[in-house]
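> JSON, C-alpha atoms, file input05.json:
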[["chain", "number", "residue", "atom", "x", "y", "z"],
["A", 30, "MET", "CA", 177.14, 122.90, -133.30],
["A", 31, "GLU", "CA", 179.03, 121.57, -136.31],
["A", 32, "LEU", "CA", 181.78, 124.04, -137.13],
["A", 33, "GLU", "CA", 184.24, 121.88, -139.06],
["A", 34, "ASN", "CA", 183.29, 123.53, -142.37],
["A", 35, "PHE", "CA", 184.43, 126.95, -141.15],
["A", 36, "GLU", "CA", 187.95, 128.33, -141.02],
["A", 37, "LEU", "CA", 189.21, 129.24, -137.56],
["A", 38, "LYS", "CA", 189.65, 132.86, -138.61],
["A", 39, "ILE", "CA", 185.99, 133.10, -139.65],
["A", 40, "LEU", "CA", 184.85, 131.50, -136.40],
["A", 41, "LEU", "CA", 186.88, 133.89, -134.27],
["A", 42, "LEU", "CA", 185.57, 136.91, -136.17],
["A", 43, "ALA", "CA", 182.00, 135.61, -135.82],
["A", 44, "ALA", "CA", 182.54, 135.06, -132.10],
["A", 45, "ILE", "CA", 183.93, 138.56, -131.61],
["A", 46, "LYS", "CA", 181.00, 140.05, -133.53],
["A", 47, "SER", "CA", 178.53, 138.00, -131.51],
["A", 48, "GLU", "CA", 180.01, 139.11, -128.18],
["A", 49, "ILE", "CA", 179.94, 142.78, -129.23],
["A", 50, "GLU", "CA", 176.31, 142.46, -130.31],
["A", 51, "SER", "CA", 175.36, 140.61, -127.12],
["A", 52, "LYS", "CA", 176.90, 143.35, -125.01],
["A", 53, "GLU", "CA", 174.90, 145.94, -126.96],
["A", 54, "VAL", "CA", 171.68, 143.97, -126.44],
["A", 55, "TYR", "CA", 172.14, 143.87, -122.67],
["A", 56, "GLU", "CA", 173.13, 147.53, -122.47],
["A", 57, "THR", "CA", 170.09, 148.49, -124.55],
["A", 58, "LEU", "CA", 167.79, 146.47, -122.31],
["A", 59, "ALA", "CA", 169.40, 147.88, -119.16],
["A", 60, "SER", "CA", 168.69, 151.40, -120.42],
["A", 61, "ARG", "CA", 164.99, 150.53, -120.77],
["A", 62, "VAL", "CA", 164.25, 148.87, -117.44],
["A", 63, "LYS", "CA", 163.58, 150.64, -114.17],
["A", 64, "ASN", "CA", 163.91, 147.67, -111.84],
["A", 65, "ALA", "CA", 167.26, 148.15, -110.10],
["A", 66, "LEU", "CA", 168.22, 144.48, -109.73],
["A", 67, "PHE", "CA", 167.12, 143.56, -113.23],
["A", 68, "LYS", "CA", 169.17, 146.48, -114.57],
["A", 69, "ASP", "CA", 172.17, 145.29, -112.53],
["A", 70, "ARG", "CA", 171.81, 141.77, -113.93],
["A", 71, "LEU", "CA", 171.66, 143.07, -117.48],
["A", 72, "LEU", "CA", 174.75, 145.21, -116.93],
["A", 73, "PHE", "CA", 176.48, 142.20, -115.38],
["A", 74, "LEU", "CA", 175.71, 140.21, -118.55],
["A", 75, "ALA", "CA", 176.99, 143.07, -120.72],
["A", 76, "ASN", "CA", 180.22, 143.09, -118.72],
["A", 77, "GLU", "CA", 180.62, 139.33, -119.12],
["A", 78, "GLU", "CA", 180.18, 139.62, -122.88],
["A", 79, "GLU", "CA", 182.83, 142.36, -122.94],
["A", 80, "LYS", "CA", 185.28, 140.03, -121.18],
["A", 81, "HIS", "CA", 184.57, 137.30, -123.73],
["A", 82, "HIS", "CA", 185.14, 139.83, -126.51],
["A", 83, "ALA", "CA", 188.51, 140.86, -125.04],
["A", 84, "PHE", "CA", 189.70, 137.26, -124.76],
["A", 85, "LEU", "CA", 188.57, 136.44, -128.30],
["A", 86, "GLU", "CA", 190.37, 139.46, -129.73],
["A", 87, "SER", "CA", 193.50, 138.39, -127.87],
["A", 88, "LEU", "CA", 193.16, 134.87, -129.22],
["A", 89, "TYR", "CA", 192.66, 136.21, -132.75],
["A", 90, "ARG", "CA", 195.80, 138.35, -132.47],
["A", 91, "GLN", "CA", 197.73, 135.35, -131.18],
["A", 92, "LYS", "CA", 196.61, 133.08, -134.02],
["A", 93, "PHE", "CA", 196.66, 135.70, -136.79],
["A", 94, "ALA", "CA", 199.44, 138.05, -135.72],
["A", 95, "GLY", "CA", 199.56, 141.29, -137.64],
["A", 96, "GLU", "CA", 196.20, 140.82, -139.33],
["A", 97, "GLU", "CA", 193.50, 143.43, -138.85],
["A", 98, "ILE", "CA", 190.32, 142.39, -137.09],
["A", 99, "LYS", "CA", 187.71, 143.05, -139.74],
["A", 100, "LEU", "CA", 184.28, 141.92, -138.58],
["A", 101, "PRO", "CA", 181.79, 140.68, -141.16],
["A", 102, "GLU", "CA", 178.59, 142.66, -141.58],
["A", 103, "LYS", "CA", 176.63, 139.43, -141.20],
["A", 104, "SER", "CA", 177.99, 136.40, -139.44],
["A", 105, "PRO", "CA", 178.55, 133.40, -141.73],
["A", 106, "VAL", "CA", 177.93, 131.19, -138.69],
["A", 107, "PRO", "CA", 174.21, 130.66, -138.01],
["A", 108, "LEU", "CA", 173.94, 132.43, -134.66],
["A", 109, "PRO", "CA", 170.66, 134.04, -133.53],
["A", 110, "VAL", "CA", 170.31, 137.81, -133.74],
["A", 111, "VAL", "CA", 168.31, 139.55, -131.01],
["A", 112, "ASP", "CA", 165.93, 142.27, -132.18],
["A", 113, "THR", "CA", 165.68, 144.95, -129.49],
["A", 114, "SER", "CA", 163.12, 147.12, -131.29],
["A", 115, "GLU", "CA", 161.14, 149.43, -129.03],
["A", 116, "ASP", "CA", 157.84, 147.88, -130.15],
["A", 117, "ARG", "CA", 158.75, 144.41, -128.87],
["A", 118, "LEU", "CA", 157.76, 143.20, -125.43],
["A", 119, "LEU", "CA", 160.64, 142.82, -123.03],
["A", 120, "SER", "CA", 159.70, 139.17, -122.55],
["A", 121, "GLU", "CA", 160.06, 138.54, -126.31],
["A", 122, "ILE", "CA", 163.51, 140.10, -126.36],
["A", 123, "ILE", "CA", 164.57, 138.08, -123.31],
["A", 124, "GLU", "CA", 163.32, 134.86, -124.97],
["A", 125, "ASP", "CA", 165.41, 135.68, -128.06],
["A", 126, "ALA", "CA", 168.44, 136.47, -125.86],
["A", 127, "MET", "CA", 167.99, 133.10, -124.12],
["A", 128, "LYS", "CA", 168.08, 131.33, -127.50],
["A", 129, "ALA", "CA", 171.21, 133.30, -128.39],
["A", 130, "GLU", "CA", 172.88, 132.29, -125.10],
["A", 131, "LEU", "CA", 172.19, 128.60, -125.74],
["A", 132, "ALA", "CA", 173.47, 128.93, -129.30],
["A", 133, "ALA", "CA", 176.62, 130.63, -127.97],
["A", 134, "LYS", "CA", 177.08, 127.74, -125.53],
["A", 135, "GLU", "CA", 176.92, 125.24, -128.39],
["A", 136, "PHE", "CA", 179.16, 127.45, -130.53],
["A", 137, "TYR", "CA", 181.94, 127.55, -127.93],
["A", 138, "GLU", "CA", 181.67, 123.82, -127.29],
["A", 139, "GLY", "CA", 182.05, 123.24, -131.02],
["A", 140, "MET", "CA", 184.83, 125.79, -131.41],
["A", 141, "LYS", "CA", 186.98, 124.31, -128.64],
["A", 142, "LYS", "CA", 187.40, 121.19, -130.80],
["A", 143, "MET", "CA", 189.41, 123.28, -133.25],
["A", 144, "PHE", "CA", 192.20, 123.89, -130.73],
["A", 145, "SER", "CA", 194.83, 121.50, -129.47],
["A", 146, "ASP", "CA", 196.13, 123.47, -126.49],
["A", 147, "GLU", "CA", 194.35, 122.75, -123.22],
["A", 148, "ARG", "CA", 194.37, 126.36, -122.03],
["A", 149, "THR", "CA", 192.29, 127.58, -124.98],
["A", 150, "LYS", "CA", 190.02, 124.54, -124.90],
["A", 151, "ASN", "CA", 189.40, 125.07, -121.18],
["A", 152, "MET", "CA", 188.72, 128.78, -121.68],
["A", 153, "LEU", "CA", 186.21, 128.09, -124.45],
["A", 154, "GLN", "CA", 184.50, 125.48, -122.26],
["A", 155, "LEU", "CA", 184.36, 128.08, -119.49],
["A", 156, "PHE", "CA", 182.70, 130.47, -121.94],
["A", 157, "ALA", "CA", 180.19, 127.75, -122.87],
["A", 158, "ASP", "CA", 179.43, 127.23, -119.18],
["A", 159, "MET", "CA", 179.09, 130.98, -118.64],
["A", 160, "GLU", "CA", 176.68, 131.29, -121.58],
["A", 161, "ARG", "CA", 174.56, 128.56, -119.99],
["A", 162, "ALA", "CA", 174.61, 130.54, -116.71],
["A", 163, "HIS", "CA", 173.52, 133.64, -118.64],
["A", 164, "TYR", "CA", 170.60, 131.62, -119.98],
["A", 165, "GLU", "CA", 169.61, 130.70, -116.42],
["A", 166, "ILE", "CA", 169.75, 134.33, -115.28],
["A", 167, "LEU", "CA", 167.53, 135.34, -118.19],
["A", 168, "LEU", "CA", 165.15, 132.45, -117.49],
["A", 169, "GLN", "CA", 164.68, 133.66, -113.93],
["A", 170, "GLU", "CA", 163.97, 137.21, -115.12],
["A", 171, "LEU", "CA", 161.62, 135.95, -117.84],
["A", 172, "GLU", "CA", 159.56, 134.12, -115.24],
["A", 173, "ASN", "CA", 159.23, 137.40, -113.33],
["A", 174, "LEU", "CA", 158.26, 139.26, -116.48],
["A", 175, "LYS", "CA", 155.63, 136.74, -117.48],
["A", 176, "ARG", "CA", 153.98, 136.99, -114.08],
["A", 177, "PHE", "CA", 153.34, 140.62, -114.77],
["A", 178, "GLU", "CA", 154.75, 141.95, -118.05],
["A", 179, "ASP", "CA", 155.01, 145.54, -116.92],
["A", 180, "TYR", "CA", 155.92, 145.01, -113.25],
["A", 181, "ASP", "CA", 158.91, 147.16, -113.99],
["A", 182, "ASP", "CA", 156.66, 150.16, -114.59],
["A", 183, "TYR", "CA", 154.84, 149.84, -111.30],
["A", 184, "TRP", "CA", 157.45, 148.44, -108.90],
["A", 185, "PRO", "CA", 160.91, 149.66, -109.86],
["A", 186, "MET", "CA", 162.44, 148.44, -106.59],
["A", 187, "MET", "CA", 160.40, 145.20, -106.44],
["A", 188, "HIS", "CA", 163.34, 142.95, -105.56],
["A", 189, "MET", "CA", 164.97, 145.25, -103.04],
["A", 190, "GLY", "CA", 163.05, 144.21, -99.92],
["A", 191, "PRO", "CA", 162.34, 146.34, -96.85]]
Take the structure from the file and write it as structure tokens.


Amino acid sequence: MELENFELKILLLAAIKSEIESKEVYETLASRVKNALFKDRLLFLANEEEKHHAFLESLYRQKFAGEEIKLPEKSPVPLPVVDTSEDRLLSEIIEDAMKAELAAKEFYEGMKKMFSDERTKNMLQLFADMERAHYEILLQELENLKRFEDYDDYWPMMHMGP
């Protein structure tokens, strides 16, 4: 993702906003599913996004000491938004979340180029790698959903075993 045309401050605010929204998506989905392992995976993803958010806020405060974190209503960076409307199939929402995870991966890989210190660059690369792992988790769950869209309604403990 080409981010050179954006100021670092704008990128950090967009990243913070994106992580908050991602956490909300996963918490919303977790509240809707009955399958225990799927719910746990979604809550795991929400927790990961919260950790990213905390680091990004810390980084913002380090770079822009004393300035208030004021998130934009709409991100100026073209990152996907995931619609979690009740009328959408879970598989559609997961597909959108997968696209958002890949975009976040590219975003962090692009953003790391704006830093000179290795610690921050390495952390942003770690975030990129984690976003790719999130994509893989969602891909696995999507394959389960597509086998039987409403398996969650009929087999809430499907993955638990005997």

> Write out as a list in words the residues lying within 12 Å of A:Leu88, counting only C-alpha atoms and excluding same-chain residues fewer than 6 positions away.

Leu37, Lys38, Leu40, Leu41, Leu42, Ala44, Ile45, His81, His82, Ala94, Ile98, Phe144, Arg148, Thr149, Lys150, Met152 and Leu153 of chain A

> Keeping C-alpha atoms for every residue in the selection just given, could you write it to a file as a short mmCIF file (atom, residue, chain, number, x, y, z; two decimals), in the coordinates of the input?


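Saved to again-v8.cif:
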data_model
loop_
_atom_site.label_atom_id
_atom_site.label_comp_id
_atom_site.auth_asym_id
_atom_site.auth_seq_id
_atom_site.Cartn_x
_atom_site.Cartn_y
_atom_site.Cartn_z
CA LEU A 37 189.21 129.24 -137.56
CA LYS A 38 189.65 132.86 -138.61
CA LEU A 40 184.85 131.50 -136.40
CA LEU A 41 186.88 133.89 -134.27
CA LEU A 42 185.57 136.91 -136.17
CA ALA A 44 182.54 135.06 -132.10
CA ILE A 45 183.93 138.56 -131.61
CA HIS A 81 184.57 137.30 -123.73
CA HIS A 82 185.14 139.83 -126.51
CA ALA A 94 199.44 138.05 -135.72
CA ILE A 98 190.32 142.39 -137.09
CA PHE A 144 192.20 123.89 -130.73
CA ARG A 148 194.37 126.36 -122.03
CA THR A 149 192.29 127.58 -124.98
CA LYS A 150 190.02 124.54 -124.90
CA MET A 152 188.72 128.78 -121.68
CA LEU A 153 186.21 128.09 -124.45
#

> Here is a test: counting only C-alpha atoms, which residue of A:Leu119, A:Val110, A:Ala83, A:Leu74 is nearest to A:Arg161?

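Closest residue, counting only C-alpha atoms: A:Leu74.
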
> So the first atom is atom CA of A:Glu147 and the second is atom CA of A:Leu108; what is the distance between them in Å, to one decimal place?

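Atom-to-atom, atom CA of A:Glu147 to atom CA of A:Leu108, that is 25.3 Å.
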
> Could you name the residues that touch A:Leu71 at 7 Å or less, counting only C-alpha atoms, but leaving out those on the same chain fewer than 5 positions away, as a list in words?

Tyr55, Glu56 and Ala59 of chain A

> Considering all atoms listed in the file, state which residue in the set A:Glu138, A:Glu96, A:Glu33, A:Glu170 is at the smallest distance from A:Asp158.

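Smallest separation from A:Asp158 among the options: A:Glu138.
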